[in-house]
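Listing of structure.pdb, PDB, C-alpha atoms
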ATOM      1  CA  MET A1350     155.534  96.100  13.283
ATOM      2  CA  ARG A1351     157.295  92.814  12.641
ATOM      3  CA  ILE A1352     154.059  90.900  13.028
ATOM      4  CA  TYR A1353     152.368  92.905  10.227
ATOM      5  CA  ASN A1354     155.396  92.371   7.971
ATOM      6  CA  LYS A1355     155.281  88.628   8.641
ATOM      7  CA  LEU A1356     151.612  88.497   7.688
ATOM      8  CA  ILE A1357     152.224  90.419   4.448
ATOM      9  CA  PHE A1358     155.242  88.249   3.539
ATOM     10  CA  SER A1359     153.249  85.069   4.225
ATOM     11  CA  LEU A1360     150.474  86.278   1.905
ATOM     12  CA  VAL A1361     152.956  87.273  -0.834
ATOM     13  CA  ILE A1362     154.657  83.853  -0.711
ATOM     14  CA  ALA A1363     151.335  81.984  -0.701
ATOM     15  CA  PHE A1364     149.869  84.007  -3.601
ATOM     16  CA  CYS A1365     153.073  83.673  -5.662
ATOM     17  CA  ALA A1366     153.152  79.909  -5.065
ATOM     18  CA  ILE A1367     149.463  79.525  -6.014
ATOM     19  CA  ASN A1368     149.803  81.597  -9.194
ATOM     20  CA  ILE A1369     153.000  79.817 -10.293
ATOM     21  CA  VAL A1370     151.650  76.311  -9.627
ATOM     22  CA  LEU A1371     148.271  76.942 -11.315
ATOM     23  CA  ALA A1372     149.933  78.672 -14.313
ATOM     24  CA  PHE A1373     152.415  75.783 -14.581
ATOM     25  CA  PHE A1374     149.541  73.301 -14.818
ATOM     26  CA  GLY A1375     147.880  75.459 -17.499
ATOM     27  CA  GLN A1376     144.876  76.617 -15.506
ATOM     28  CA  LYS A1377     142.813  79.028 -17.640
ATOM     29  CA  ASP A1378     139.960  79.762 -15.257
ATOM     30  CA  LEU A1379     140.400  82.979 -13.230
ATOM     31  CA  SER A1380     137.844  81.875 -10.643
ATOM     32  CA  VAL A1381     140.071  78.912  -9.697
ATOM     33  CA  TYR A1382     142.920  81.339  -8.991
ATOM     34  CA  PHE A1383     140.585  83.507  -6.923
ATOM     35  CA  LEU A1384     139.228  80.560  -4.913
ATOM     36  CA  ALA A1385     142.759  79.336  -4.141
ATOM     37  CA  GLN A1386     143.910  82.826  -3.146
ATOM     38  CA  ALA A1387     140.843  83.356  -0.957
ATOM     39  CA  LEU A1388     141.470  80.040   0.820
ATOM     40  CA  ALA A1389     145.122  80.962   1.392
ATOM     41  CA  PHE A1390     144.036  84.353   2.738
ATOM     42  CA  PHE A1391     141.556  82.776   5.195
ATOM     43  CA  ILE A1392     144.117  80.229   6.454
ATOM     44  CA  ILE A1393     146.957  82.737   6.877
ATOM     45  CA  THR A1394     144.835  85.375   8.615
ATOM     46  CA  LEU A1395     143.518  82.643  10.929
ATOM     47  CA  VAL A1396     147.110  81.736  11.863
ATOM     48  CA  TYR A1397     147.668  85.402  12.811
ATOM     49  CA  SER A1398     144.620  85.464  15.082
ATOM     50  CA  TYR A1399     146.664  86.949  17.956
ATOM     51  CA  LEU A1400     146.975  90.338  16.219
ATOM     52  CA  ASN A1401     145.690  93.328  18.182
ATOM     53  CA  THR A1402     141.934  93.966  18.268
ATOM     54  CA  ARG A1403     141.889  96.785  15.704
ATOM     55  CA  ALA A1404     143.993  94.864  13.186
ATOM     56  CA  ARG A1405     141.861  91.779  13.778
ATOM     57  CA  ALA A1406     138.666  93.756  13.168
ATOM     58  CA  ALA A1407     140.076  95.280   9.961
ATOM     59  CA  LEU A1408     141.151  91.859   8.666
ATOM     60  CA  ASN A1409     137.795  90.334   9.619
ATOM     61  CA  SER A1410     135.985  92.977   7.536
ATOM     62  CA  LEU A1411     138.256  92.240   4.583
ATOM     63  CA  SER A1412     137.766  88.495   5.082
ATOM     64  CA  LEU A1413     134.006  89.046   4.965
ATOM     65  CA  VAL A1414     134.263  90.805   1.566
ATOM     66  CA  ILE A1415     136.546  88.073   0.188
ATOM     67  CA  PHE A1416     134.251  85.396   1.587
ATOM     68  CA  ALA A1417     131.285  87.022  -0.185
ATOM     69  CA  GLY A1418     133.242  86.898  -3.457
ATOM     70  CA  PHE A1419     134.222  83.308  -2.660
ATOM     71  CA  LEU A1420     130.550  82.356  -2.185
ATOM     72  CA  VAL A1421     129.465  84.059  -5.420
ATOM     73  CA  VAL A1422     132.169  82.286  -7.449
ATOM     74  CA  ALA A1423     131.403  78.953  -5.773
ATOM     75  CA  LEU A1424     127.662  79.437  -6.458
ATOM     76  CA  ILE A1425     128.289  80.199 -10.142
ATOM     77  CA  LYS A1426     130.442  77.058 -10.392
ATOM     78  CA  VAL A1427     127.752  74.920  -8.749
ATOM     79  CA  MET A1428     125.089  76.316 -11.119
ATOM     80  CA  GLU A1429     127.328  75.590 -14.106
ATOM     81  CA  ILE A1430     127.773  71.994 -12.955
ATOM     82  CA  MET A1431     124.022  71.555 -12.360
ATOM     83  CA  GLN A1432     123.122  72.926 -15.801
ATOM     84  CA  LYS A1433     125.339  70.344 -17.526
TER      85      LYS A1433
ATOM     86  CA  MET B 799     150.487 109.374   3.603
ATOM     87  CA  LYS B 800     153.343 108.871   6.072
ATOM     88  CA  ASN B 801     152.124 105.418   6.990
ATOM     89  CA  PRO B 802     154.275 102.955   4.995
ATOM     90  CA  TYR B 803     151.545 100.287   5.003
ATOM     91  CA  ARG B 804     149.068 102.708   3.419
ATOM     92  CA  VAL B 805     151.614 103.717   0.755
ATOM     93  CA  LEU B 806     152.369 100.052   0.013
ATOM     94  CA  GLY B 807     148.652  99.224  -0.031
ATOM     95  CA  ILE B 808     147.780 101.967  -2.524
ATOM     96  CA  THR B 809     150.844 101.124  -4.646
ATOM     97  CA  LEU B 810     149.625  97.528  -4.923
ATOM     98  CA  ALA B 811     145.839  97.919  -5.027
ATOM     99  CA  VAL B 812     145.479 100.763  -7.585
ATOM    100  CA  PRO B 813     147.780  99.334 -10.308
ATOM    101  CA  GLY B 814     146.306  95.890  -9.571
ATOM    102  CA  ALA B 815     142.766  97.159 -10.160
ATOM    103  CA  LEU B 816     143.818  98.931 -13.377
ATOM    104  CA  LEU B 817     145.869  96.066 -14.780
ATOM    105  CA  ALA B 818     143.520  93.154 -13.920
ATOM    106  CA  PRO B 819     140.873  93.980 -16.620
ATOM    107  CA  LEU B 820     143.634  94.914 -19.056
ATOM    108  CA  PHE B 821     145.363  91.549 -18.632
ATOM    109  CA  TYR B 822     142.094  89.590 -18.683
ATOM    110  CA  PHE B 823     140.175  91.243 -21.527
ATOM    111  CA  LEU B 824     142.866  92.750 -23.773
ATOM    112  CA  LEU B 825     145.793  90.365 -23.320
ATOM    113  CA  SER B 826     143.590  87.344 -22.468
ATOM    114  CA  SER B 827     146.205  86.227 -19.962
ATOM    115  CA  VAL B 828     144.630  84.552 -16.947
ATOM    116  CA  PRO B 829     147.900  84.085 -14.942
ATOM    117  CA  LEU B 830     148.700  87.806 -15.291
ATOM    118  CA  ALA B 831     145.136  88.757 -14.316
ATOM    119  CA  ALA B 832     145.462  86.433 -11.286
ATOM    120  CA  THR B 833     148.697  88.195 -10.318
ATOM    121  CA  ALA B 834     146.902  91.552 -10.504
ATOM    122  CA  LEU B 835     144.111  90.066  -8.368
ATOM    123  CA  SER B 836     146.730  89.015  -5.785
ATOM    124  CA  ALA B 837     148.086  92.568  -5.799
ATOM    125  CA  ILE B 838     144.584  93.933  -5.092
ATOM    126  CA  ILE B 839     144.065  91.566  -2.119
ATOM    127  CA  LEU B 840     147.548  92.336  -0.737
ATOM    128  CA  GLY B 841     147.028  96.070  -1.227
ATOM    129  CA  VAL B 842     143.688  96.108   0.588
ATOM    130  CA  THR B 843     145.232  93.995   3.390
ATOM    131  CA  CYS B 844     148.045  96.563   3.772
ATOM    132  CA  ILE B 845     145.518  99.434   3.899
ATOM    133  CA  ALA B 846     143.510  97.558   6.560
ATOM    134  CA  LEU B 847     146.663  97.025   8.638
ATOM    135  CA  ALA B 848     147.657 100.685   8.212
ATOM    136  CA  ASN B 849     144.393 101.762   9.835
ATOM    137  CA  ALA B 850     145.100  99.476  12.802
ATOM    138  CA  ARG B 851     148.397 101.139  13.717
ATOM    139  CA  PRO B 852     148.406 102.941  17.083
ATOM    140  CA  TYR B 853     147.738 106.705  17.218
ATOM    141  CA  ILE B 854     150.489 107.306  19.781
ATOM    142  CA  SER B 855     154.018 107.147  18.398
ATOM    143  CA  PRO B 856     156.443 104.573  19.874
ATOM    144  CA  GLU B 857     158.581 107.480  21.144
ATOM    145  CA  ALA B 858     155.645 108.937  23.129
ATOM    146  CA  SER B 859     154.791 105.494  24.543
ATOM    147  CA  GLN B 860     158.423 104.940  25.532
ATOM    148  CA  THR B 861     158.523 108.318  27.307
ATOM    149  CA  LEU B 862     155.383 107.467  29.311
ATOM    150  CA  LEU B 863     156.699 103.991  30.201
ATOM    151  CA  LYS B 864     160.087 105.372  31.255
ATOM    152  CA  THR B 865     158.469 108.084  33.403
ATOM    153  CA  GLY B 866     156.348 105.541  35.278
ATOM    154  CA  MET B 867     159.253 103.122  35.724
ATOM    155  CA  GLU B 868     161.628 105.831  36.986
ATOM    156  CA  ASN B 869     159.066 107.127  39.492
ATOM    157  CA  THR B 870     158.461 103.629  40.874
ATOM    158  CA  ALA B 871     162.221 102.933  40.909
ATOM    159  CA  ALA B 872     162.803 106.178  42.858
ATOM    160  CA  LEU B 873     160.186 105.143  45.433
ATOM    161  CA  LEU B 874     161.696 101.670  45.849
ATOM    162  CA  GLU B 875     165.222 103.081  46.021
ATOM    163  CA  GLU B 876     164.264 105.711  48.598
ATOM    164  CA  LEU B 877     162.711 103.030  50.814
ATOM    165  CA  GLY B 878     165.716 100.742  50.240
ATOM    166  CA  LEU B 879     163.494  97.879  49.056
ATOM    167  CA  GLN B 880     165.318  95.076  47.284
ATOM    168  CA  ASN B 881     162.823  92.257  47.817
ATOM    169  CA  THR B 882     161.319  90.506  44.840
ATOM    170  CA  ALA B 883     157.755  91.571  44.153
ATOM    171  CA  ILE B 884     154.775  89.265  44.509
ATOM    172  CA  TYR B 885     152.226  89.591  41.721
ATOM    173  CA  LEU B 886     148.665  89.345  42.981
ATOM    174  CA  PRO B 887     145.565  88.365  41.020
ATOM    175  CA  SER B 888     142.826  90.995  40.702
ATOM    176  CA  HIS B 889     140.449  89.327  43.194
ATOM    177  CA  LEU B 890     142.936  90.018  46.018
ATOM    178  CA  ARG B 891     143.252  93.722  45.147
ATOM    179  CA  ASP B 892     139.756  95.106  44.610
ATOM    180  CA  GLY B 893     139.682  94.009  40.971
ATOM    181  CA  HIS B 894     143.015  95.623  40.070
ATOM    182  CA  PRO B 895     145.958  93.235  39.692
ATOM    183  CA  GLN B 896     149.047  94.714  41.346
ATOM    184  CA  ALA B 897     152.465  93.717  42.655
ATOM    185  CA  LEU B 898     153.413  93.755  46.337
ATOM    186  CA  VAL B 899     156.969  94.560  47.395
ATOM    187  CA  PRO B 900     157.294  93.353  51.018
ATOM    188  CA  LEU B 901     159.255  95.633  53.364
ATOM    189  CA  SER B 902     160.841  92.757  55.309
ATOM    190  CA  LYS B 903     163.455  90.467  53.794
ATOM    191  CA  ASP B 904     161.570  87.213  54.471
ATOM    192  CA  GLY B 905     158.288  88.727  53.440
ATOM    193  CA  GLY B 906     156.256  85.813  52.202
ATOM    194  CA  LEU B 907     152.483  85.531  52.044
ATOM    195  CA  ARG B 908     152.037  82.884  54.707
ATOM    196  CA  ASN B 909     149.345  84.667  56.657
ATOM    197  CA  MET B 910     147.904  86.812  53.952
ATOM    198  CA  ARG B 911     144.465  88.321  54.316
ATOM    199  CA  GLU B 912     141.790  87.307  51.853
ATOM    200  CA  LYS B 913     141.489  90.796  50.386
ATOM    201  CA  LEU B 914     143.935  93.680  50.593
ATOM    202  CA  PRO B 915     142.933  97.360  50.736
ATOM    203  CA  GLY B 916     143.585  99.418  47.608
ATOM    204  CA  ARG B 917     146.334 101.583  49.111
ATOM    205  CA  LEU B 918     150.024 102.216  48.409
ATOM    206  CA  ILE B 919     151.216 100.876  51.780
ATOM    207  CA  VAL B 920     149.316  97.756  52.762
ATOM    208  CA  ARG B 921     149.368  95.472  55.755
ATOM    209  CA  TYR B 922     148.912  92.014  54.295
ATOM    210  CA  GLY B 923     149.287  89.850  57.415
ATOM    211  CA  PRO B 924     148.777  89.860  61.204
ATOM    212  CA  ASP B 925     152.461  90.511  62.117
ATOM    213  CA  ASN B 926     153.910  94.013  62.387
ATOM    214  CA  ALA B 927     156.472  93.132  59.718
ATOM    215  CA  ASP B 928     153.781  92.114  57.224
ATOM    216  CA  VAL B 929     153.782  95.427  55.419
ATOM    217  CA  ALA B 930     154.335  95.950  51.692
ATOM    218  CA  ILE B 931     154.218  98.577  48.969
ATOM    219  CA  ALA B 932     151.562  97.860  46.328
ATOM    220  CA  VAL B 933     152.454  99.127  42.866
ATOM    221  CA  THR B 934     150.913  98.877  39.438
ATOM    222  CA  THR B 935     153.264  97.314  36.896
ATOM    223  CA  ALA B 936     153.404  97.026  33.113
ATOM    224  CA  GLY B 937     151.981  93.536  33.454
ATOM    225  CA  SER B 938     149.058  94.677  35.588
ATOM    226  CA  VAL B 939     148.021  97.307  33.027
ATOM    227  CA  ASN B 940     148.377  94.877  30.123
ATOM    228  CA  LEU B 941     145.819  92.497  31.581
ATOM    229  CA  GLU B 942     143.151  95.056  30.676
ATOM    230  CA  LEU B 943     143.970  94.440  27.000
ATOM    231  CA  LEU B 944     142.765  90.861  27.201
ATOM    232  CA  SER B 945     139.176  90.409  26.075
ATOM    233  CA  ARG B 946     138.587  87.735  28.740
ATOM    234  CA  LYS B 947     140.397  86.405  31.774
ATOM    235  CA  PRO B 948     142.797  83.590  30.785
ATOM    236  CA  GLY B 949     141.875  80.114  32.008
ATOM    237  CA  PRO B 950     144.008  78.137  34.483
ATOM    238  CA  THR B 951     145.651  75.920  31.852
ATOM    239  CA  VAL B 952     149.129  76.191  30.317
ATOM    240  CA  GLU B 953     147.548  76.605  26.865
ATOM    241  CA  ASP B 954     145.419  79.542  28.011
ATOM    242  CA  ILE B 955     148.399  81.277  29.653
ATOM    243  CA  GLU B 956     150.530  80.694  26.554
ATOM    244  CA  SER B 957     147.776  81.992  24.284
ATOM    245  CA  ALA B 958     147.262  85.133  26.415
ATOM    246  CA  LEU B 959     151.013  85.829  26.531
ATOM    247  CA  ASN B 960     151.348  85.315  22.776
ATOM    248  CA  TYR B 961     148.446  87.702  22.217
ATOM    249  CA  LEU B 962     149.931  90.404  24.471
ATOM    250  CA  LEU B 963     153.658  90.139  23.753
ATOM    251  CA  THR B 964     153.503  89.208  20.067
ATOM    252  CA  GLY B 965     150.199  90.505  18.760
ATOM    253  CA  VAL B 966     149.524  93.656  20.785
ATOM    254  CA  MET B 967     152.894  94.904  22.074
ATOM    255  CA  ASP B 968     155.051  93.347  19.338
ATOM    256  CA  ILE B 969     158.021  92.936  21.691
ATOM    257  CA  ALA B 970     158.578  89.217  21.075
ATOM    258  CA  SER B 971     158.175  86.713  18.260
ATOM    259  CA  GLY B 972     156.830  83.758  20.249
ATOM    260  CA  VAL B 973     156.128  82.481  23.748
ATOM    261  CA  THR B 974     156.012  78.955  25.189
ATOM    262  CA  VAL B 975     154.938  78.096  28.728
ATOM    263  CA  HIS B 976     155.730  75.035  30.876
ATOM    264  CA  LEU B 977     154.209  74.302  34.269
ATOM    265  CA  ALA B 978     155.884  71.882  36.683
ATOM    266  CA  ASP B 979     154.743  71.645  40.322
ATOM    267  CA  SER B 980     154.825  75.220  41.582
ATOM    268  CA  THR B 981     157.198  76.569  38.927
ATOM    269  CA  ILE B 982     156.161  78.136  35.650
ATOM    270  CA  THR B 983     158.815  78.517  32.957
ATOM    271  CA  VAL B 984     158.093  81.061  30.240
ATOM    272  CA  ASN B 985     160.382  80.971  27.189
ATOM    273  CA  VAL B 986     160.230  84.136  25.093
ATOM    274  CA  ALA B 987     161.762  84.055  21.610
ATOM    275  CA  GLY B 988     162.902  87.206  19.783
ATOM    276  CA  ALA B 989     162.444  89.487  22.793
ATOM    277  CA  LYS B 990     163.058  93.167  22.070
ATOM    278  CA  LEU B 991     163.200  94.163  25.745
ATOM    279  CA  THR B 992     165.815  92.270  27.731
ATOM    280  CA  TYR B 993     166.615  92.225  31.448
ATOM    281  CA  GLU B 994     168.765  95.104  32.705
ATOM    282  CA  ASN B 995     170.250  94.990  36.177
ATOM    283  CA  THR B 996     168.452  98.076  37.528
ATOM    284  CA  TRP B 997     166.753  98.593  40.888
ATOM    285  CA  TYR B 998     163.321  98.484  39.254
ATOM    286  CA  ASN B 999     164.015  95.213  37.429
ATOM    287  CA  ARG B1000     165.550  93.575  40.506
ATOM    288  CA  CYS B1001     162.310  94.219  42.412
ATOM    289  CA  LEU B1002     159.573  94.010  39.804
ATOM    290  CA  GLY B1003     161.281  92.216  36.912
ATOM    291  CA  SER B1004     161.638  93.395  33.316
ATOM    292  CA  PRO B1005     158.459  94.412  31.444
ATOM    293  CA  LEU B1006     158.423  90.943  29.788
ATOM    294  CA  ALA B1007     158.636  89.133  33.129
ATOM    295  CA  SER B1008     156.096  91.527  34.612
ATOM    296  CA  VAL B1009     153.553  90.685  31.900
ATOM    297  CA  ALA B1010     154.276  86.949  32.271
ATOM    298  CA  ALA B1011     153.873  87.085  36.068
ATOM    299  CA  ALA B1012     150.687  89.171  35.925
ATOM    300  CA  VAL B1013     149.062  86.853  33.352
ATOM    301  CA  ALA B1014     150.079  83.686  35.238
ATOM    302  CA  SER B1015     148.843  85.123  38.525
ATOM    303  CA  GLU B1016     145.498  86.160  37.060
ATOM    304  CA  ALA B1017     145.005  82.886  35.177
ATOM    305  CA  LEU B1018     145.786  80.646  38.139
ATOM    306  CA  ALA B1019     144.211  83.045  40.690
ATOM    307  CA  ARG B1020     147.310  82.708  42.894
ATOM    308  CA  PRO B1021     150.162  85.036  43.872
ATOM    309  CA  VAL B1022     153.270  84.662  41.706
ATOM    310  CA  ARG B1023     156.904  85.662  42.265
ATOM    311  CA  ILE B1024     159.594  86.082  39.583
ATOM    312  CA  ILE B1025     162.494  83.796  40.536
ATOM    313  CA  GLU B1026     164.831  84.146  37.592
ATOM    314  CA  GLU B1027     165.173  85.886  34.275
ATOM    315  CA  VAL B1028     167.924  84.781  31.889
ATOM    316  CA  SER B1029     168.570  86.131  28.376
ATOM    317  CA  SER B1030     170.839  84.391  25.879
ATOM    318  CA  HIS B1031     170.990  84.182  22.067
ATOM    319  CA  GLY B1032     167.828  86.226  21.579
ATOM    320  CA  LYS B1033     165.813  84.024  23.947
ATOM    321  CA  THR B1034     164.625  84.929  27.425
ATOM    322  CA  ARG B1035     163.741  82.339  30.038
ATOM    323  CA  ILE B1036     161.545  83.570  32.881
ATOM    324  CA  SER B1037     161.005  81.343  35.919
ATOM    325  CA  LEU B1038     157.987  82.079  38.086
ATOM    326  CA  GLU B1039     157.109  80.602  41.451
ATOM    327  CA  LEU B1040     153.486  79.961  42.353
ATOM    328  CA  LEU B1041     152.787  80.931  45.951
ATOM    329  CA  SER B1042     149.957  79.533  47.996
TER     330      SER B1042
END
Structure translated into structure tokens:
Amino acid sequence: MRIYNKLIFSLVIAFCAINIVLAFFGQKDLSVYFLAQALAFFIITLVYSYLNTRARAALNSLSLVIFAGFLVVALIKVMEIMQK
Amino acid sequence: MKNPYRVLGITLAVPGALLAPLFYFLLSSVPLAATALSAIILGVTCIALANARPYISPEASQTLLKTGMENTAALLEELGLQNTAIYLPSHLRDGHPQALVPLSKDGGLRNMREKLPGRLIVRYGPDNADVAIAVTTAGSVNLELLSRKPGPTVEDIESALNYLLTGVMDIASGVTVHLADSTITVNVAGAKLTYENTWYNRCLGSPLASVAAAVASEALARPVRIIEEVSSHGKTRISLELLS
């Protein structure tokens, strides 16, 4: 199960780094945190594309949910910019 | 609840989901809410991975593998075969990739027939001495786990081996492949199964070498023989010879 542990550790390190860096720069918008975390999730799970089929399918389903959230947040941001 | 990934997932996702609104609306702390959000994503990832764990325990799998290996070893030992096996691509064996252990010492594949019958004892050439035992190996079975046949390039072989050894079987941490003339060198990092000097391994190679030989043979559509297998400092170097 080393491969699963590696994936989890990679995600933990990436999320910690994102949260620390954004908090350090005084970011107050939660959607920015979410967008950064979603991007990190997509990149890291793509790197682990050689996982077995069942794990891959489970992660793909989760990626789909996160991507839907990503699209909604991005859409809201675009609408906010257009309304200005 | 025995699955540690499920326990970890629930431990992260449930408190994350409870604390995220608390941090955001009551404490008005965005960094803390973001941390809770991270915990939710990590927790759900762990739960997803928990569901992907195999149903059969590693102990049961090991028992089945050992049984098969000991039966094949007993057959080889009884026949006194010490020749190195030749891994054949599936198109030469009725769609099932197998390994041939020639009965004669200089058993090459010089005059090999285009297609061999799917039997245990096969005559692969015109001479009386061209007889071999055809056995299914760990590598042969693992090829079925690939979604598509690997292409004839080094990158495709490397990708297939990484998928099988690292992603599916989890018995190595990385694989690199080099092809020079008729020799393929497979370097396996962090191998959990190393070469043991047993009768089975002398003939058919270790499970790692068996998988490497079967994948290379299938990808290049040519018979392959394991020449050497060396393990040192957690790394295993497998040398394969491409036969014509």
Check what the PyMOL selection byres ((chain A) within 7 of (chain B)) selects in the file above and give those residues as a ChimeraX atom specification. /A:1350,1352,1364,1368,1372,1377-1379,1382,1399-1401,1403-1404,1407-1408
What is the CA of Val1028 (chain B)-CA of Val973 (chain B) distance in Å, reported with one decimal?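 CA of Val973 (chain B) lies at a distance of 14.5 Å from CA of Val1028 (chain B).
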So which residues touch region 857-869 of chain B within 12 Å, counting only C-alpha atoms, skipping near sequence neighbours fewer than 6 positions away, as a PyMOL selection string? chain B and resi 875-876+933-937+939+967+991+996-999+1001-1005
Residue IDs satisfying the PyMOL selection byres ((chain A and resi 1391) around 12), as an mmCIF file with C-alpha atoms, in the coordinates of the input:
data_model
loop_
_atom_site.group_PDB
_atom_site.id
_atom_site.type_symbol
_atom_site.label_atom_id
_atom_site.label_comp_id
_atom_site.auth_asym_id
_atom_site.auth_seq_id
_atom_site.Cartn_x
_atom_site.Cartn_y
_atom_site.Cartn_z
ATOM 1 C CA LEU A 1356 151.612 88.497 7.688
ATOM 2 C CA SER A 1359 153.249 85.069 4.225
ATOM 3 C CA LEU A 1360 150.474 86.278 1.905
ATOM 4 C CA ALA A 1363 151.335 81.984 -0.701
ATOM 5 C CA LEU A 1384 139.228 80.560 -4.913
ATOM 6 C CA ALA A 1385 142.759 79.336 -4.141
ATOM 7 C CA GLN A 1386 143.910 82.826 -3.146
ATOM 8 C CA ALA A 1387 140.843 83.356 -0.957
ATOM 9 C CA LEU A 1388 141.470 80.040 0.820
ATOM 10 C CA ALA A 1389 145.122 80.962 1.392
ATOM 11 C CA PHE A 1390 144.036 84.353 2.738
ATOM 12 C CA ILE A 1392 144.117 80.229 6.454
ATOM 13 C CA ILE A 1393 146.957 82.737 6.877
ATOM 14 C CA THR A 1394 144.835 85.375 8.615
ATOM 15 C CA LEU A 1395 143.518 82.643 10.929
ATOM 16 C CA VAL A 1396 147.110 81.736 11.863
ATOM 17 C CA TYR A 1397 147.668 85.402 12.811
ATOM 18 C CA SER A 1398 144.620 85.464 15.082
ATOM 19 C CA LEU A 1408 141.151 91.859 8.666
ATOM 20 C CA ASN A 1409 137.795 90.334 9.619
ATOM 21 C CA SER A 1410 135.985 92.977 7.536
ATOM 22 C CA LEU A 1411 138.256 92.240 4.583
ATOM 23 C CA SER A 1412 137.766 88.495 5.082
ATOM 24 C CA LEU A 1413 134.006 89.046 4.965
ATOM 25 C CA VAL A 1414 134.263 90.805 1.566
ATOM 26 C CA ILE A 1415 136.546 88.073 0.188
ATOM 27 C CA PHE A 1416 134.251 85.396 1.587
ATOM 28 C CA PHE A 1419 134.222 83.308 -2.660
ATOM 29 C CA ILE B 839 144.065 91.566 -2.119
ATOM 30 C CA THR B 843 145.232 93.995 3.390
#
Val986 (chain B) surroundings by all atoms listed in the file, 6 Å radius, close-in-sequence under 2 positions cut, as a PyMOL selection string: chain B and resi 972-973+1033-1034
For CA of Ala1406 (chain A) and CA of Tyr1353 (chain A), quote the distance in Å rounded to one decimal.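 Distance reported for this atom pair: 14.0 Å.
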Interatomic distance between CA of Val952 (chain B) and CA of Val975 (chain B)?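 Going from CA of Val952 (chain B) over to CA of Val975 (chain B) covers 6.3 Å.
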Using all atoms listed in the file, determine which residues lie at most 9 Å from Thr983 (chain B), disregarding the query and same-chain residues fewer than 3 positions distant; provide the list as an mmCIF file with C-alpha atoms, keeping the file's coordinate frame.
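Full text of selection11.cif as output:
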data_model
loop_
_atom_site.group_PDB
_atom_site.id
_atom_site.type_symbol
_atom_site.label_atom_id
_atom_site.label_comp_id
_atom_site.auth_asym_id
_atom_site.auth_seq_id
_atom_site.Cartn_x
_atom_site.Cartn_y
_atom_site.Cartn_z
ATOM 1 C CA THR B 974 156.012 78.955 25.189
ATOM 2 C CA VAL B 975 154.938 78.096 28.728
ATOM 3 C CA HIS B 976 155.730 75.035 30.876
ATOM 4 C CA LEU B 977 154.209 74.302 34.269
ATOM 5 C CA ALA B 978 155.884 71.882 36.683
ATOM 6 C CA ARG B 1035 163.741 82.339 30.038
ATOM 7 C CA ILE B 1036 161.545 83.570 32.881
ATOM 8 C CA SER B 1037 161.005 81.343 35.919
ATOM 9 C CA LEU B 1038 157.987 82.079 38.086
ATOM 10 C CA GLU B 1039 157.109 80.602 41.451
#
For region 946-965 of chain B, take all atoms listed in the file, fit an axis-aligned box around them, add 8 Å to each of the six sides, then output centre and edge lengths in Å rounded to one decimal, as AutoDock Vina command-line options.
--center_x 146.1 --center_y 83.2 --center_z 26.6 --size_x 31.1 --size_y 30.6 --size_z 31.7
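Applied to this file, the PyMOL selection byres ((chain B and resi 811-813) around 7) selects Gly807, Ile808, Thr809, Leu810, Gly814, Ala815, Leu816, Leu817, Ala837, Ile838, Gly841 and Val842 of chain B.
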